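S.K.: The structure is given below, and queries will be raised subsequently.
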Amino acid sequence: MVTVICLLIPVYVYIGYPALLWLFTRGKPMVTHQREDSFPSVALIISCYNEAEVIREKLRNALELDYPKGSLRIIVVSDGSDDGTDDLVREFSDDGVLLIRQEGRLGKTMGINLAMEQVSEEVTVFSDANAMYASDAISKLVRNLADPKVGYVVGAALYTDGDQGASAQNENLYWNYELAIKSMESRLHSVVGGDGAIYAIRTELWEPLQQQDINDFVNPLQIIAKGYRGVFDGEATCFEETAGDFDREVARKERIVNRSIRGLMRVKATMNPFKSRVFAWQVISHKFLRWLIPLFLAIGTIGSVILALRGYGLFQLITLGAIALLLLAWVGYRAEDKNRLPVWFSFPYYFVMVNLYSLKGIFRALRGETQVVWNSARPGREQN
């Protein structure tokens with residue numbers, strides 16, 4: 001029975017949960033009190049570390065946004081950049097761009113804490129240096145806050161990679177799947193988590209974060225715990241490139257899972273259905289159970305091997321499938337250029353490696369260890 005449950009949970013997380021969301025939200029429109037003629041004051045916080053390659057383009061993009069100039073303030077927080085990023089930001093000081101430098105390489109979250117001390121605007125929008133906004137992105141975000149029950153709004157970050165290598169293809173496939181889930185979650189109650197590239201909050205709802213927190217996950221949870229909703233607006237878009245590097249993408253998973261589990265435990269009231277209602281089901285299904293999938297797969301695979309050796313035909317097939325998956329992943333592992341792998345090798349490799357690193361992140365969290373490093377936008381999205 002334990003083996004069956006462990007094998008069914010991943011199926012539920014990846015297929016059952018989206019299917020139930022679709023069933024519960026079928027025909028249900030996105031209900032928000034949208035007013036596109038309302039322009040509250042906005043602070044746009046751009047987090048960066050050594051982003052000299054893109055910071056000029058990002059600031060030009062921000063200054064050209066279709067939002068009343070007197071209502072938008074741009075703040076760049078630099079976490080001890082040493083590649084000339086700060087000097088490039090200072091070139092835009094006459095345009096009202098504020099540079100906040102954080103010394104000591106304390107990480108993105110602490111940089112945001114520092115920047116928020118300077119924010120007095122009604123709305124705060126968080127972004128990364130390589131996320132280029134559509135001209136109406138901020139207008140689309142803030143229109144949703146006309147609904148007093150909405151505390152945060154998440155936009156759609158889209159990939160623009162010209163070179164669609166295997167890493168980018170897997171990342172795109174995963175992200176399109178995630179965007180569909182976000183949309184359905186939003187219609188049911190709230191989108192689970194934010195997106196560091198593009199999301200907005202009511203500034204009054206901000207709470208300082210701990211250094212190990214992933215800001216675009218823990219901050220939205222804090223807002224939910226206050227009784228607000230979080231919505232996804234697919235029309236508020238930005239564009240960025242993937243890292244295009246398999247090893248860097250999968251290695252991030254260990255840190256993400258490690259920090260996210262600890263963050264969720266800090267705001268565990270959001271998993272209490274008596275306090276957060278249906279959102280508790282959403283966060284448990286979308287995040288908590290998904291992070292634990294490597295454990296379920298490991299236990300389920302070991303159980304399947306044991307039952308296969310005892311002659312159970314179904315589990316013999318499952319065991320053969322697991323062996324085939326591992327063999328394909330091994331071919332991917334041995335390949336010199338993983339970004340040029342055919343999908344029948346790249347997907348198994350990506351799947352196996354992501355789960356292995358997730359497993360490491362779980363064990364580190366159980367031991368009380370936390371990885372606190374700068375989360376540059378360049379390696380891709382958090383995907384917690």
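Ordered as shown in the structure tokens, chains take letters A, B, and onward, while each chain numbers its residues from 1 and ligands are numbered from 1 in the order shown.
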If we count only C-alpha atoms and set the cut-off at 12 Å, which residues sit around A:Ala43, ignoring sequence neighbours fewer than 5 positions away in its own chain? Please answer as number ranges by chain.

M.R.: A: 62, 67, 69-76, 96-98, 115-127, 138, 142, 199-203

S.K.: Going by DSSP on the backbone, which residues of stretch 15-72 of chain A come out as alpha helix (DSSP H)? List them as number ranges by chain.

M.R.: A: 17-25, 55-63

S.K.: Which residues come within 10 Å of A:Ile100, counting only C-alpha atoms, excluding same-chain residues fewer than 5 positions away, as a PyMOL selection string?

M.R.: chain A and resi 47+75-80+86+89+111-112+114-115+118

S.K.: So that I have them on file, write out the residues from the current selection with N, CA and C atoms, as a compact mmCIF listing (two decimals), in the first residue's frame.

M.R.:
```
# COMPACT_ATOMS: atom_id res chain seq x y z
N SER A 47 16.30 44.30 -8.70
CA SER A 47 17.38 43.66 -7.96
C SER A 47 18.48 43.24 -8.91
N ILE A 75 13.86 52.15 -8.50
CA ILE A 75 14.90 51.91 -7.50
C ILE A 75 15.71 50.68 -7.91
N VAL A 76 17.01 50.82 -7.97
CA VAL A 76 17.90 49.69 -8.25
C VAL A 76 18.65 49.35 -6.97
N VAL A 77 18.55 48.10 -6.54
CA VAL A 77 19.31 47.66 -5.37
C VAL A 77 20.40 46.71 -5.85
N SER A 78 21.65 47.11 -5.58
CA SER A 78 22.81 46.35 -6.04
C SER A 78 23.47 45.67 -4.84
N ASP A 79 23.60 44.35 -4.93
CA ASP A 79 24.17 43.58 -3.83
C ASP A 79 25.69 43.49 -3.97
N GLY A 80 26.35 44.64 -3.80
CA GLY A 80 27.81 44.65 -3.85
C GLY A 80 28.37 44.35 -5.22
N ASP A 86 26.99 49.53 -10.85
CA ASP A 86 26.57 50.73 -10.10
C ASP A 86 26.86 52.01 -10.87
N VAL A 89 24.24 52.50 -13.46
CA VAL A 89 22.97 52.95 -12.89
C VAL A 89 23.03 54.44 -12.60
N GLY A 111 18.71 42.61 0.20
CA GLY A 111 18.73 43.81 -0.63
C GLY A 111 17.34 44.39 -0.77
N ILE A 112 16.34 43.54 -0.96
CA ILE A 112 14.96 44.01 -1.06
C ILE A 112 14.50 44.61 0.27
N LEU A 114 16.32 46.15 2.36
CA LEU A 114 16.96 47.46 2.43
C LEU A 114 16.22 48.47 1.54
N ALA A 115 15.88 48.05 0.33
CA ALA A 115 15.19 48.94 -0.59
C ALA A 115 13.82 49.33 -0.08
N GLN A 118 13.00 52.49 1.81
CA GLN A 118 12.93 53.75 1.08
C GLN A 118 11.61 53.93 0.34
```

S.K.: Please provide the set of residues having any atom within 6 Å of stretch 8-14 of chain A, restricted to only C-alpha atoms, with same-chain residues fewer than 3 positions apart removed, written as a PyMOL selection string.

M.R.: chain A and resi 5+17+293

S.K.: Residues as selected, C-alpha atoms, written as an mmCIF file, in the first residue's frame, can you do that?

M.R.:
```cif
data_model
loop_
_atom_site.group_PDB
_atom_site.id
_atom_site.type_symbol
_atom_site.label_atom_id
_atom_site.label_comp_id
_atom_site.auth_asym_id
_atom_site.auth_seq_id
_atom_site.Cartn_x
_atom_site.Cartn_y
_atom_site.Cartn_z
ATOM 1 C CA ILE A 5 0.560 5.690 -2.445
ATOM 2 C CA TYR A 17 -4.084 18.627 -9.254
ATOM 3 C CA ILE A 293 8.169 14.030 -4.912
#
```

S.K.: Excluding same-chain residues fewer than 6 positions from A:Arg266, what lies within 12 Å of it counting only C-alpha atoms, as a compact mmCIF listing (two decimals) with N, CA and C atoms, in the first residue's frame?

M.R.:
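So the final result, stored in part.txt, reads:
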```
# COMPACT_ATOMS: atom_id res chain seq x y z
N LEU A 209 11.73 40.32 5.46
CA LEU A 209 11.98 38.89 5.31
C LEU A 209 13.28 38.48 5.98
N GLN A 210 13.39 37.19 6.27
CA GLN A 210 14.64 36.66 6.79
C GLN A 210 15.59 36.39 5.62
N GLN A 212 17.28 33.93 4.60
CA GLN A 212 17.16 32.68 3.84
C GLN A 212 15.86 32.58 3.05
N ASP A 213 14.95 33.53 3.22
CA ASP A 213 13.67 33.47 2.51
C ASP A 213 13.83 33.73 1.02
N ILE A 214 13.05 33.04 0.22
CA ILE A 214 12.91 33.39 -1.19
C ILE A 214 11.79 34.42 -1.25
N PHE A 217 8.29 34.00 -2.88
CA PHE A 217 7.46 32.92 -2.36
C PHE A 217 6.93 33.25 -0.97
N VAL A 218 7.82 33.63 -0.07
CA VAL A 218 7.41 33.88 1.32
C VAL A 218 6.57 35.15 1.42
N ASN A 219 6.94 36.21 0.71
CA ASN A 219 6.19 37.46 0.78
C ASN A 219 4.71 37.28 0.37
N LEU A 221 2.99 34.54 0.59
CA LEU A 221 2.36 33.75 1.65
C LEU A 221 1.98 34.63 2.84
N GLN A 222 2.85 35.56 3.19
CA GLN A 222 2.55 36.47 4.29
C GLN A 222 1.29 37.28 3.99
N ALA A 225 -1.73 35.13 4.42
CA ALA A 225 -2.00 34.93 5.86
C ALA A 225 -2.72 36.13 6.47
N ARG A 259 15.36 26.32 0.58
CA ARG A 259 14.89 27.59 1.15
C ARG A 259 13.38 27.68 1.16
N SER A 260 12.71 27.09 0.18
CA SER A 260 11.26 27.19 0.10
C SER A 260 10.57 26.38 1.21
```

S.K.: Determine the nearest neighbour of A:Pro220 from the options A:Leu341, A:Leu314, A:Ile284, A:Val153, counting only C-alpha atoms.

M.R.: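 Smallest separation from A:Pro220 among the options: A:Val153.
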
S.K.: Which distance in Å separates atom CA of A:Leu264 and atom CA of A:Ser183, to one decimal?

M.R.: 21.6 Å

S.K.: Which is closest to A:Gly263 among A:Leu326, A:Ala365, A:Val354, A:Cys48, if we use only C-alpha atoms?

M.R.: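 The answer is A:Ala365, which sits nearest to A:Gly263.
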
S.K.: Report, in Å with one decimal, the straight-line distance from atom CA of A:Glu254 to atom CA of A:Ile362.

M.R.: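 These two atoms are separated by 7.8 Å.
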